[in-house]
Every structure is written in structure tokens, then in C-alpha cells.
file input_30.txt (compact mmCIF, C-alpha atoms)
# COMPACT_ATOMS: atom_id res chain seq x y z
CA MET A 103 0.00 0.00 0.00
CA CYS A 104 1.16 3.53 -0.74
CA SER A 105 -0.46 6.73 0.47
CA VAL A 106 -0.32 8.36 -2.96
CA VAL A 107 1.28 7.79 -6.33
CA ASP A 108 3.15 10.65 -7.97
CA SER A 109 5.37 9.62 -10.85
CA ALA A 110 7.26 12.92 -11.09
CA HIS A 111 10.86 12.30 -10.01
CA SER A 112 12.01 15.82 -9.21
CA HIS A 113 15.58 17.01 -8.86
CA SER A 114 14.62 20.65 -8.38
CA PRO A 115 17.27 23.26 -7.58
CA ILE A 116 17.12 24.70 -4.11
CA HIS A 117 15.01 27.77 -4.84
CA GLU A 118 12.64 26.16 -7.30
CA SER A 119 9.09 25.89 -5.95
CA LEU A 120 7.64 22.43 -5.49
CA GLU A 121 3.98 21.66 -6.06
CA ALA A 122 3.42 18.26 -4.49
CA SER A 123 0.11 16.50 -4.22
CA TYR A 124 -0.07 13.99 -1.42
CA MET A 125 -2.28 12.31 1.13
CA THR A 126 -1.33 11.43 4.69
CA LYS A 127 -2.80 9.49 7.57
CA LYS A 128 -2.59 10.50 11.23
CA ILE A 129 -0.39 8.10 13.22
CA HIS A 130 0.35 8.70 16.91
CA GLY A 131 -0.99 12.24 16.53
CA SER A 132 1.11 13.18 13.48
CA GLU A 133 0.17 13.39 9.82
CA SER A 134 2.34 10.73 8.19
CA PHE A 135 3.23 9.33 4.81
CA PHE A 136 2.89 5.56 4.59
CA LEU A 137 4.52 2.84 2.52
CA SER A 138 3.82 -0.88 2.85
CA THR A 139 4.86 -4.11 1.16
CA ALA A 140 4.66 -7.78 2.15
CA ASP A 141 8.04 -7.37 3.88
CA VAL A 142 8.02 -3.92 5.54
CA SER A 143 5.51 -1.25 6.57
CA VAL A 144 6.87 2.22 7.29
CA ALA A 145 5.41 5.61 8.25
CA VAL A 146 7.19 8.99 8.08
CA THR A 147 5.84 12.11 9.76
CA GLN A 148 5.16 15.06 7.50
CA GLN A 149 6.48 17.37 10.22
CA GLY A 150 10.14 16.58 10.90
CA GLY A 151 10.42 13.48 8.72
CA HIS A 152 10.50 11.07 11.69
CA MET A 153 10.31 7.44 10.55
CA ALA A 154 8.03 5.33 12.79
CA PRO A 155 6.28 3.07 13.27
CA VAL A 156 8.16 0.53 11.17
CA THR A 157 7.06 -3.10 11.10
CA PHE A 158 9.25 -5.82 9.63
CA HIS A 159 7.08 -8.72 8.48
CA THR A 160 9.45 -11.64 9.08
CA SER A 161 9.02 -15.38 8.72
CA GLU A 162 8.71 -15.59 12.51
CA GLY A 163 6.19 -12.78 12.89
CA ASP A 164 6.01 -9.00 12.91
CA PHE A 165 8.73 -6.95 14.60
CA SER A 166 8.32 -3.23 15.40
CA PRO A 167 11.47 -2.05 17.21
CA TYR A 168 11.32 1.73 16.66
CA SER A 169 10.21 4.00 19.48
CA SER A 170 7.36 6.45 19.58
CA ALA A 171 7.48 8.91 22.47
CA PRO A 172 4.92 8.35 25.25
CA TRP A 173 3.20 11.59 24.23
CA GLU A 174 1.54 12.99 21.13
CA PRO A 175 2.27 16.43 19.64
CA LYS A 176 -1.01 17.90 20.93
CA GLU A 177 0.06 17.13 24.52
CA CYS A 178 3.22 19.24 24.25
CA ASP A 179 3.70 22.92 25.03
CA GLU A 180 3.44 24.94 21.83
CA SER A 181 6.88 26.48 22.49
CA LEU A 182 8.66 23.12 22.11
CA PRO A 183 10.40 22.36 18.80
CA HIS A 184 8.73 19.80 16.57
CA LEU A 185 11.76 17.58 17.20
CA LEU A 186 10.32 16.86 20.66
CA LYS A 187 6.66 16.96 19.71
CA GLU A 188 7.05 14.33 17.00
CA LEU A 189 9.90 12.38 18.65
CA ARG A 190 9.97 8.85 17.24
CA GLY A 191 11.89 6.34 15.14
CA ASP A 192 14.65 7.58 12.86
CA PHE A 193 15.16 11.14 11.61
CA PHE A 194 17.93 12.99 9.80
CA CYS A 195 19.84 15.77 11.56
CA LEU A 196 21.54 18.62 9.68
CA PRO A 197 23.39 19.86 11.61
CA PHE A 198 23.62 17.33 14.41
CA GLY A 199 22.91 19.04 17.73
CA PRO A 200 22.11 22.68 18.53
CA GLN A 201 22.88 25.60 16.24
CA GLU A 202 22.91 29.35 16.72
CA ASN A 203 19.76 30.99 15.31
CA GLY A 204 18.43 27.61 14.21
CA LEU A 205 16.46 24.63 15.44
CA PRO A 206 18.14 21.78 17.36
CA HIS A 207 19.14 19.00 14.92
CA GLY A 208 18.17 21.35 12.09
CA ASP A 209 15.14 21.94 9.91
CA THR A 210 15.39 18.35 8.66
CA ALA A 211 14.28 17.09 12.11
CA ASN A 212 11.66 19.81 12.68
CA SER A 213 10.22 21.29 9.50
CA VAL A 214 7.72 20.11 6.90
CA TRP A 215 8.68 17.47 4.35
CA GLN A 216 6.83 17.40 1.03
CA GLN A 217 6.32 14.34 -1.09
CA LEU A 218 8.14 14.19 -4.41
CA TYR A 219 6.94 10.77 -5.51
CA CYS A 220 5.76 7.42 -4.27
CA SER A 221 5.64 4.02 -5.93
CA ALA A 222 4.79 0.54 -4.70
CA ASN A 223 8.18 0.16 -2.99
CA GLU A 224 9.70 3.64 -2.69
CA ILE A 225 8.85 7.05 -1.31
CA SER A 226 10.83 10.27 -1.75
CA LEU A 227 10.32 13.43 0.33
CA VAL A 228 12.01 16.82 0.25
CA CYS A 229 12.81 19.40 2.93
CA HIS A 230 13.71 22.97 1.98
CA SER A 231 16.03 23.69 4.89
CA GLN A 232 16.50 27.36 5.71
CA CYS A 233 19.04 27.00 8.54
CA PRO A 234 21.33 25.81 7.12
CA GLU A 235 20.25 26.59 3.56
CA ALA A 236 20.01 23.32 1.65
CA LEU A 237 17.67 21.08 -0.26
CA VAL A 238 17.50 17.62 1.35
CA LYS A 239 15.80 14.69 -0.36
CA LYS A 240 14.89 11.67 1.77
CA THR A 241 14.28 8.44 -0.15
CA ILE A 242 13.19 5.22 1.54
CA SER A 243 13.26 2.15 -0.69
CA LEU A 244 12.11 -1.42 -0.07
CA ARG A 245 13.20 -4.58 -1.88
CA THR A 246 11.03 -7.65 -2.47
CA GLY A 247 12.04 -10.39 -0.05
CA HIS A 248 14.19 -8.05 2.09
CA THR A 249 13.13 -7.06 5.61
CA ALA A 250 15.19 -3.91 5.31
CA LEU A 251 14.98 -0.16 4.70
CA TYR A 252 17.29 1.45 2.15
CA ILE A 253 17.57 5.07 3.32
CA SER A 254 19.18 7.89 1.36
CA HIS A 255 19.55 11.58 2.20
CA GLN A 256 20.68 13.60 -0.80
CA ILE A 257 21.93 17.08 0.11
CA ASP A 258 22.16 19.89 -2.45
CA GLY A 259 23.04 23.57 -2.13
CA LEU A 260 24.81 23.26 1.23
CA HIS A 261 28.09 25.13 1.68
CA GLY A 262 30.53 24.92 4.59
CA ASP A 263 31.55 22.52 7.36
CA PHE A 264 28.61 20.77 9.02
CA SER A 265 27.89 17.94 11.40
CA TYR A 266 25.04 15.54 10.59
CA GLY A 267 23.61 12.16 11.49
CA ASN A 268 20.84 9.58 11.36
CA HIS A 269 19.00 9.31 14.69
CA PRO A 270 17.12 6.01 15.13
CA ILE A 271 15.53 5.45 18.55
CA LEU A 272 14.56 1.92 19.59
CA ASP A 273 12.06 0.86 22.25
CA PHE A 274 13.12 -1.83 24.75
CA SER A 275 10.12 -1.38 27.09
CA GLY A 276 8.84 -4.90 26.36
CA LEU A 277 12.04 -6.45 27.75
CA THR A 278 13.21 -7.12 31.28
CA ILE A 279 16.34 -5.41 32.65
CA GLY A 280 19.38 -6.57 30.69
CA GLU A 281 17.40 -8.80 28.34
CA GLY A 282 18.25 -6.87 25.18
CA ARG A 283 21.77 -7.09 23.81
CA LEU A 284 23.71 -4.23 22.17
CA ALA A 285 26.70 -4.41 19.83
CA VAL A 286 28.72 -2.28 17.44
CA SER A 287 31.47 -3.15 15.01
CA PRO A 288 35.06 -2.71 16.27
CA PHE A 289 35.91 0.83 17.39
CA ARG A 290 39.23 2.59 17.78
CA TRP A 291 38.21 5.25 20.31
CA ALA A 292 35.29 5.58 22.72
CA SER A 293 34.28 8.00 25.45
CA VAL A 294 31.46 9.00 27.73
CA TYR A 295 30.16 12.52 27.02
CA PRO A 296 32.86 14.93 28.28
CA GLY A 297 30.53 17.52 29.84
CA VAL A 298 27.43 17.34 32.02
CA PHE A 299 24.96 15.48 29.84
CA SER A 300 22.35 15.17 32.61
CA ASN A 301 22.07 18.38 34.62
CA PRO A 302 20.66 17.92 38.16
CA ASP A 303 19.58 21.60 38.13
CA HIS A 304 17.19 20.64 35.31
CA GLY A 305 15.85 17.57 37.11
CA GLU A 306 18.10 15.18 35.18
CA THR A 307 20.10 12.21 36.40
CA GLY A 308 22.98 10.27 34.84
CA ILE A 309 25.24 7.44 35.99
CA LEU A 310 28.26 7.43 33.65
CA GLN A 311 31.59 9.10 34.48
CA HIS A 312 32.06 12.29 32.46
CA ASN A 313 34.80 12.09 29.84
CA ALA A 314 35.75 8.52 30.74
CA LEU A 315 37.47 6.58 27.97
CA PHE A 316 36.62 2.90 27.52
CA SER A 317 37.65 0.08 25.22
CA SER A 318 34.71 -2.28 25.72
CA LEU A 319 30.95 -1.78 26.01
CA CYS A 320 31.08 -4.36 28.78
CA ASP A 321 33.13 -2.02 30.99
CA VAL A 322 31.96 1.62 30.87
CA PRO A 323 32.96 3.71 33.95
CA THR A 324 30.28 5.14 36.26
CA HIS A 325 30.17 8.15 38.62
CA ALA A 326 29.97 5.89 41.63
CA GLY A 327 33.12 3.99 40.76
CA GLY A 328 33.23 0.66 39.03
CA SER A 329 31.58 0.20 35.67
CA ILE A 330 28.43 -0.92 33.86
CA ASP A 331 27.94 -3.48 31.09
CA LEU A 332 26.22 -1.56 28.29
CA THR A 333 25.89 -4.63 26.10
CA LYS A 334 22.80 -5.37 28.22
CA TYR A 335 19.73 -3.13 28.01
CA PRO A 336 17.46 -1.87 29.51
CA THR A 337 19.60 -0.77 32.42
CA GLN A 338 18.15 0.11 35.81
CA TYR A 339 15.54 2.87 35.50
CA GLY A 340 16.39 6.52 36.14
CA HIS A 341 19.26 7.86 34.05
CA GLU A 342 20.08 9.73 30.84
CA ASP A 343 23.58 9.24 29.40
CA LEU A 344 25.54 9.50 26.15
CA ILE A 345 28.57 7.66 24.77
CA MET A 346 30.44 7.95 21.48
CA MET A 347 32.32 5.17 19.65
CA VAL A 348 34.51 5.83 16.59
CA ASN A 349 34.53 2.91 14.19
CA GLU A 350 37.61 1.22 12.78
CA PRO A 351 38.25 2.15 9.12
CA ALA A 352 36.81 -0.01 6.36
CA THR A 353 38.82 -2.76 4.71
CA SER A 354 38.28 -4.76 1.54
CA GLN A 355 37.05 -7.69 3.67
CA GLN A 356 34.89 -5.47 5.93
CA PRO A 357 33.71 -2.56 3.74
CA PHE A 358 31.02 -1.28 6.15
CA ALA A 359 30.51 -0.69 9.87
CA TRP A 360 27.46 -1.85 11.79
CA SER A 361 25.35 -1.52 14.92
CA ALA A 362 23.01 -4.25 16.13
CA VAL A 363 20.43 -5.04 18.80
CA THR A 364 19.11 -8.43 19.85
CA MET A 365 15.57 -8.43 21.25
CA LYS A 366 14.56 -11.96 22.19
CA ASN A 367 14.38 -13.81 18.84
CA MET A 368 14.93 -10.77 16.61
CA VAL A 369 17.96 -8.76 15.55
CA TRP A 370 17.75 -5.16 14.34
CA PHE A 371 20.83 -3.86 12.53
CA SER A 372 22.18 -0.74 10.84
CA LEU A 373 24.90 -0.70 8.17
CA LYS A 374 26.89 2.37 7.12
CA LEU A 375 30.08 3.58 5.45
CA VAL A 376 32.63 4.76 8.03
CA GLU A 377 33.78 7.56 5.72
CA ASP A 378 30.24 9.01 5.81
CA PHE A 379 29.38 8.25 9.45
CA PRO A 380 32.64 7.92 11.44
CA ALA A 381 31.01 7.43 14.85
CA THR A 382 28.11 5.79 16.66
CA LEU A 383 26.39 7.47 19.61
CA PHE A 384 24.35 5.59 22.21
CA TRP A 385 21.78 7.94 23.72
CA ILE A 386 20.59 6.04 26.78
CA SER A 387 17.18 7.50 27.65
CA ASN A 388 15.81 5.61 30.61
CA GLY A 389 13.70 7.94 32.73
CA GLY A 390 16.48 10.38 33.60
CA ARG A 391 14.66 13.56 32.50
CA SER A 392 11.78 14.97 34.57
CA ALA A 393 11.03 18.25 32.74
CA HIS A 394 8.20 18.57 30.20
CA PRO A 395 7.60 16.64 27.97
CA TRP A 396 9.82 13.88 29.41
CA GLU A 397 8.30 13.75 32.90
CA SER A 398 10.38 10.64 33.69
CA ARG A 399 8.28 8.54 31.30
CA HIS A 400 10.68 8.26 28.33
CA THR A 401 12.08 4.95 29.57
CA CYS A 402 13.85 1.93 28.07
CA ARG A 403 14.66 3.89 24.89
CA LEU A 404 17.99 3.86 23.13
CA GLY A 405 19.22 6.14 20.37
CA ILE A 406 21.69 4.30 18.12
CA GLU A 407 22.84 7.32 16.15
CA GLU A 408 25.24 7.17 13.22
CA VAL A 409 26.97 10.54 13.02
CA CYS A 410 29.73 12.80 11.83
CA SER A 411 29.73 15.06 14.87
CA TYR A 412 31.41 15.87 18.18
CA PHE A 413 29.04 13.98 20.45
CA CYS A 414 25.69 15.84 20.45
CA ASP A 415 27.27 19.28 20.86
CA SER A 416 26.55 22.27 18.66
CA VAL A 417 27.73 22.46 15.10
CA ASP A 418 30.09 25.26 16.19
CA GLN A 419 31.66 22.89 18.73
CA SER A 420 32.02 20.20 16.06
CA ARG A 421 33.81 22.75 13.85
CA LEU A 422 36.55 23.06 16.49
CA HIS A 423 37.73 19.58 15.41
CA LEU A 424 38.61 18.61 18.98
CA LEU A 425 39.47 15.05 17.93
CA SER A 426 41.64 15.96 14.93
CA HIS A 427 44.77 14.81 16.80
CA LEU A 428 43.22 11.32 16.60
CA ALA A 429 42.29 11.75 12.94
CA ILE A 430 38.59 11.66 13.88
CA PRO A 431 36.44 13.97 11.73
CA THR A 432 33.55 15.78 13.43
CA THR A 433 32.29 17.75 10.39
CA ARG A 434 32.21 17.31 6.63
CA LYS A 435 32.98 20.00 4.06
CA PHE A 436 30.04 20.58 1.72
CA THR A 437 30.09 22.72 -1.42
CA SER A 438 26.96 24.20 -2.93
CA ASP A 439 27.80 22.97 -6.43
CA LYS A 440 28.16 19.32 -5.38
CA SER A 441 25.45 16.85 -4.39
CA THR A 442 26.14 14.59 -1.38
CA ASP A 443 24.27 11.30 -0.93
CA LEU A 444 24.39 9.75 2.55
CA ARG A 445 23.11 6.17 2.69
CA ILE A 446 22.26 3.72 5.45
CA ILE A 447 20.59 0.31 5.54
CA GLN A 448 18.45 -0.60 8.55
CA GLY A 449 16.92 -4.04 8.76
CA ALA A 450 15.79 -6.96 10.89
CA THR A 451 15.92 -10.72 10.94
CA PRO A 452 14.62 -13.52 13.18
CA VAL A 453 17.31 -15.46 15.05
CA PRO A 454 17.36 -18.53 17.32
CA SER A 455 16.33 -17.87 20.92
CA GLN A 456 19.92 -18.48 22.15
CA PHE A 457 21.51 -16.21 19.53
CA GLY A 458 22.63 -13.61 22.08
CA GLN A 459 24.76 -10.56 21.29
CA VAL A 460 25.74 -9.98 17.67
CA LYS A 461 29.47 -10.52 17.28
CA GLN A 462 29.95 -10.01 13.57
CA ILE A 463 28.18 -8.82 10.43
CA VAL A 464 30.11 -9.52 7.23
CA PRO A 465 29.32 -9.45 3.51
CA SER A 466 28.02 -12.66 1.93
CA ALA A 467 26.97 -13.76 -1.54
CA GLU A 468 23.32 -12.82 -0.96
CA GLY A 469 23.79 -9.92 1.45
CA VAL A 470 25.26 -10.32 4.94
CA LEU A 471 26.02 -13.06 7.43
CA ILE A 472 25.19 -12.20 11.05
CA THR A 473 26.89 -14.25 13.77
CA GLY A 474 25.87 -14.34 17.43
CA GLU A 475 27.91 -14.90 20.57
CA ASN A 476 26.88 -18.56 20.81
CA GLY A 477 28.05 -19.47 17.33
CA HIS A 478 24.80 -19.25 15.38
CA SER A 479 25.03 -17.55 11.96
CA ILE A 480 22.09 -16.18 9.99
CA ALA A 481 22.23 -15.29 6.29
CA VAL A 482 20.22 -12.14 5.47
CA SER A 483 19.29 -11.11 1.93
CA LEU A 484 20.35 -7.51 1.29
CA ASP A 485 21.25 -5.24 -1.60
CA LEU A 486 24.73 -4.24 -0.37
CA ALA A 487 25.40 -2.52 -3.69
CA PHE A 488 23.05 0.27 -2.52
CA LEU A 489 25.45 1.07 0.31
CA LEU A 490 28.78 0.32 -1.32
CA ALA A 491 28.04 2.32 -4.49
CA ASN A 492 29.16 5.45 -2.63
CA GLN A 493 32.35 3.96 -1.22
CA LYS A 494 35.66 5.51 -2.19
CA PRO A 495 38.37 3.11 -3.43
CA GLN A 496 40.37 1.52 -0.60
call {"tool": "encode", "arguments": {"input": "input_30.txt", "output": "C-alpha cells"}}
result
Amino acid sequence: MCSVVDSAHSHSPIHESLEASYMTKKIHGSESFFLSTADVSVAVTQQGGHMAPVTFHTSEGDFSPYSSAPWEPKECDESLPHLLKELRGDFFCLPFGPQENGLPHGDTANSVWQQLYCSANEISLVCHSQCPEALVKKTISLRTGHTALYISHQIDGLHGDFSYGNHPILDFSGLTIGEGRLAVSPFRWASVYPGVFSNPDHGETGILQHNALFSSLCDVPTHAGGSIDLTKYPTQYGHEDLIMMVNEPATSQQPFAWSAVTMKNMVWFSLKLVEDFPATLFWISNGGRSAHPWESRHTCRLGIEEVCSYFCDSVDQSRLHLLSHLAIPTTRKFTSDKSTDLRIIQGATPVPSQFGQVKQIVPSAEGVLITGENGHSIAVSLDLAFLLANQKPQ
């Protein structure tokens, strides 16, 4: 099912007006575009372009891992940015974090997206960003037989150094403490947020040690001394924390980086090019914010955010290149005469009940092979060419 069919594939320049005809349906209080096949159903909010709910129709049943906030837009104070009113699923941030004279995470996470076209297995939306000035086209494609989303953000007309990122949020509220398992591909540097991520003066609580370096998700330092195993989630209720992991460079044998979550008998995964998204952030949102609209009810959520940014700090802070001594980029240079296409694959697959934490995701003849900590391997059909088409020669 598709909300509307519009066969006009537009590549309009940034200032060209767009006359789009579309229909939406209201989902969780937000007008949303909708695309559905036998393998995947996906909704995207018109306001902010937030992608949720998403249901993967697998051989072992439906799986809907993306979060929707425990509030609807109409329940929020009018003064709040649409980022918080619509908060759900995955959305694109340009820039990533706050910006002077602009909205947090940019117009792409807050402003209206218009439909360019929709077919039986693809939808394309456009956002005319004003701060920063750019034309951003979001395309979500589905493939027959693949329980996966092929997500592209094409950026035109942008000039200067900017941070950016994809911002999926998953919901673990149906799991007991520690039942979900988290994993990322090998990283070469990792740290807890260096400043005060959870400010007690704002009714916020956190448990991780500021600026603490770590080499394993199993051993992340805490304020109280000792450490916590962040491969197991949800954690104990009542904290809001952020960590950043910088992926190892690609190789010919391992051309992409990955993040993965095991929820009972399902694995959700995200694949990316390290050169486009050098780092992964874990935003641990487990009841640690009491102010409106959080009110200590945004629990058991986890942002698994693929970014080119300095943590979640402002774009100006990212432009300071504070990790350049480690050859870690925190912005990308865009030029207004060059189009940039940022691609990610997010997908899901059923796994045996004893699969456990994902240990490896590698290319295979039909897509990828996902291996768990107890030795089980699952072959997943994917169109890796979609992702690797943008890769620079090794």
C-alpha cells in the first residue's frame, strides 16, 4: 500500500518551488506518509520526517522495534520544537545538535517534508532547509524479499563545514532489565560525554563518568566507581547518558561498519560507510529527564545514532575539530555545487532464541552473514550494492 502515487521524479534546484500533491494518515498524533509491502511497513511524519512506526514482516512474525514517544504532539507545550513533539523512530539531523539561530538537529528534524513521488516500494520526500540553507531529499526504498529499509539523504546547495547524522531510537520497554543485547562493530576510540549530559539543576540524572574513555561496552565507567555493562539493556531505570564510539576504518574484507540489537528472537541492525558516518552514539534515555515533555516517562529507549559530529554538541563545537589529533572527523565539508548522498541500511531478521549478542556482520553472496555470541550464523538477503556504491576506493 502507498499513500499516494506521484510519478514525477524531481531534482529541483534549491530555490525552485515544489507543487506536491499527497495524502497522509494520522499516526500517533502526526500526519504521516505511509509505505507498505509484504516485507516492511513504514510511516514517516510530514512534520520533521521522523520514521516510525516501522514493522518488519518476518518469517517468525512481525517486529516493530522503533520507538514512539509516550506523548503525542497535541500534549506538548506549543513552544517546544517539533523535534520533541514528533519524537519517534529515525530522523535525519543537519546539523547534528544545537545551532545558533536555528532549530536543534536542524530543519530536517523539525520542519515540513513534502512528497516528491511514491511508488509501490519507494517514497521520496524533500525538505527545503533554511538554517542551514540546503535542499534535502529523503528516499526510503524497499526490496522484495528483504526485511530492510534502504535510506538515502541527498543534500544539495549546502556550503561549509557541518555535522550531521541519522538518529534512530529503539524501544526496549517490552524487555526485562538486561534482556536486550547491544553491539557495534570494532571501534578505535570511545568515550562517555565529556561535559554534564544530565544536569541535576534541570531535574536530570545520569550514571556514567564524564569524559571517561573505555575500550569495551562491557566495561563503561560510572560516577559511583566501578563500571556498567552496556551490552545489556534496559539498564536500571532513572538515568540519561551519552557515549560515542569511533569505528575502525573499512577494509576490503569489511567494507562497512554496523550496529546491532538483539531483542529476544529478533535482531535489528544498521549498516553504514565509516567515511560518511565515522562514529556511533548511544543515547541512553531511561527515565532520567523529569522536565516537560519527558516527565520521567521516556524509559527503556535507546538512540543508536550514526553521526559525523562531536558527540551531540553544537555544530560550532564540532567545527573546532577537537578530535583531529586522533584523525577523527567531526564535520564534513560541503560545497553548494556538489550533491552529497548519505546512505544507510536498517533491517531486521529472526534469530534462534539463544543467539545472544551480535558478534559479527560480514558481507556474503546474498547480502550479509550475522553471527551471534553462541556461534549461530544467519544469512540475510540484502542489496549491499546500494550502500557500497558510494564507497571511495580503498
call {"tool": "closest_residue", "arguments": {"input": "input_30.txt", "among": "A:Ile386, A:Cys320, A:Ala381, A:Val348", "to": "Cys402 of chain A", "atoms": "all atoms listed in the file"}}
result
A:Ile386
call {"tool": "atom_distance", "arguments": {"input": "input_30.txt", "atom1": "atom CA of Tyr168 of chain A", "atom2": "atom CA of Asp192 of chain A"}}
result
7.7 Å
call {"tool": "residues_around", "arguments": {"input": "input_30.txt", "residues": "Ser438 of chain A", "least_positions_apart": "4", "cutoff": "12 Å", "atoms": "all atoms listed in the file", "output": "list in words"}}
result
Pro115, Ile116, Pro234, Glu235, Ala236, Leu237, Ile257, Asp258, Gly259, Leu260, His261, Gly262, Asp263 and Thr442 of chain A
call {"tool": "closest_residue", "arguments": {"input": "input_30.txt", "among": "A:Thr364, A:Ser411, A:Thr160, A:Ser181", "to": "Glu475 of chain A", "atoms": "all atoms listed in the file"}}
result
A:Thr364
call {"tool": "residues_near_point", "arguments": {"input": "input_30.txt", "point": "(38.4, 1.7, 17.8)", "cutoff": "8 Å", "atoms": "only C-alpha atoms", "output": "VMD selection string"}}
result
chain A and resid 288 to 292 317 347 to 350
call {"tool": "atom_distance", "arguments": {"input": "input_30.txt", "atom1": "atom CA of Tyr266 of chain A", "atom2": "atom CA of Cys195 of chain A"}}
result
5.3 Å
call {"tool": "residues_around", "arguments": {"input": "input_30.txt", "residues": "segment 423-426 of chain A", "least_positions_apart": "5", "cutoff": "12 Å", "atoms": "all atoms listed in the file", "output": "list in words"}}
result
Asp263, Phe264, Ser265, Trp291, Ala292, Ser293, Pro296, Val348, Pro380, Ala381, Cys410, Ser411, Tyr412, Phe413, Asp415, Ser416, Val417, Asp418, Pro431, Thr432, Thr433 and Arg434 of chain A
call {"tool": "atom_distance", "arguments": {"input": "input_30.txt", "atom1": "atom CA of His255 of chain A", "atom2": "atom CA of Ile271 of chain A"}}
result
17.9 Å
call {"tool": "closest_residue", "arguments": {"input": "input_30.txt", "among": "A:Thr451, A:Asn301, A:Ala467, A:Leu486", "to": "Thr157 of chain A", "atoms": "only C-alpha atoms"}}
result
A:Thr451
call {"tool": "residues_around", "arguments": {"input": "input_30.txt", "residues": "Val238 of chain A", "least_positions_apart": "5", "cutoff": "12 Å", "atoms": "only C-alpha atoms", "output": "PyMOL selection string"}}
result
chain A and resi 113-116+151+194-196+208-211+213-218+226-233+254-260+441-444
call {"tool": "closest_residue", "arguments": {"input": "input_30.txt", "among": "A:Phe158, A:Trp396, A:Gly328, A:Cys414", "to": "Gly297 of chain A", "atoms": "all atoms listed in the file"}}
result
A:Cys414
call {"tool": "residues_near_point", "arguments": {"input": "input_30.txt", "point": "(7.9, 20.8, 19.9)", "cutoff": "12 Å", "atoms": "all atoms listed in the file", "output": "ChimeraX atom specification"}}
result
/A:149-150,173-189,205-206,211-213,394-396
call {"tool": "write_last_selection", "arguments": {"input": "input_30.txt", "atoms": "C-alpha atoms", "output": "PDB file, in the coordinates of the input"}}
result
ATOM      1  CA  GLN A 149       6.480  17.370  10.220  1.00  0.00           C
ATOM      2  CA  GLY A 150      10.140  16.580  10.900  1.00  0.00           C
ATOM      3  CA  TRP A 173       3.200  11.590  24.230  1.00  0.00           C
ATOM      4  CA  GLU A 174       1.540  12.990  21.130  1.00  0.00           C
ATOM      5  CA  PRO A 175       2.270  16.430  19.640  1.00  0.00           C
ATOM      6  CA  LYS A 176      -1.010  17.900  20.930  1.00  0.00           C
ATOM      7  CA  GLU A 177       0.060  17.130  24.520  1.00  0.00           C
ATOM      8  CA  CYS A 178       3.220  19.240  24.250  1.00  0.00           C
ATOM      9  CA  ASP A 179       3.700  22.920  25.030  1.00  0.00           C
ATOM     10  CA  GLU A 180       3.440  24.940  21.830  1.00  0.00           C
ATOM     11  CA  SER A 181       6.880  26.480  22.490  1.00  0.00           C
ATOM     12  CA  LEU A 182       8.660  23.120  22.110  1.00  0.00           C
ATOM     13  CA  PRO A 183      10.400  22.360  18.800  1.00  0.00           C
ATOM     14  CA  HIS A 184       8.730  19.800  16.570  1.00  0.00           C
ATOM     15  CA  LEU A 185      11.760  17.580  17.200  1.00  0.00           C
ATOM     16  CA  LEU A 186      10.320  16.860  20.660  1.00  0.00           C
ATOM     17  CA  LYS A 187       6.660  16.960  19.710  1.00  0.00           C
ATOM     18  CA  GLU A 188       7.050  14.330  17.000  1.00  0.00           C
ATOM     19  CA  LEU A 189       9.900  12.380  18.650  1.00  0.00           C
ATOM     20  CA  LEU A 205      16.460  24.630  15.440  1.00  0.00           C
ATOM     21  CA  PRO A 206      18.140  21.780  17.360  1.00  0.00           C
ATOM     22  CA  ALA A 211      14.280  17.090  12.110  1.00  0.00           C
ATOM     23  CA  ASN A 212      11.660  19.810  12.680  1.00  0.00           C
ATOM     24  CA  SER A 213      10.220  21.290   9.500  1.00  0.00           C
ATOM     25  CA  HIS A 394       8.200  18.570  30.200  1.00  0.00           C
ATOM     26  CA  PRO A 395       7.600  16.640  27.970  1.00  0.00           C
ATOM     27  CA  TRP A 396       9.820  13.880  29.410  1.00  0.00           C
TER      28      TRP A 396
END
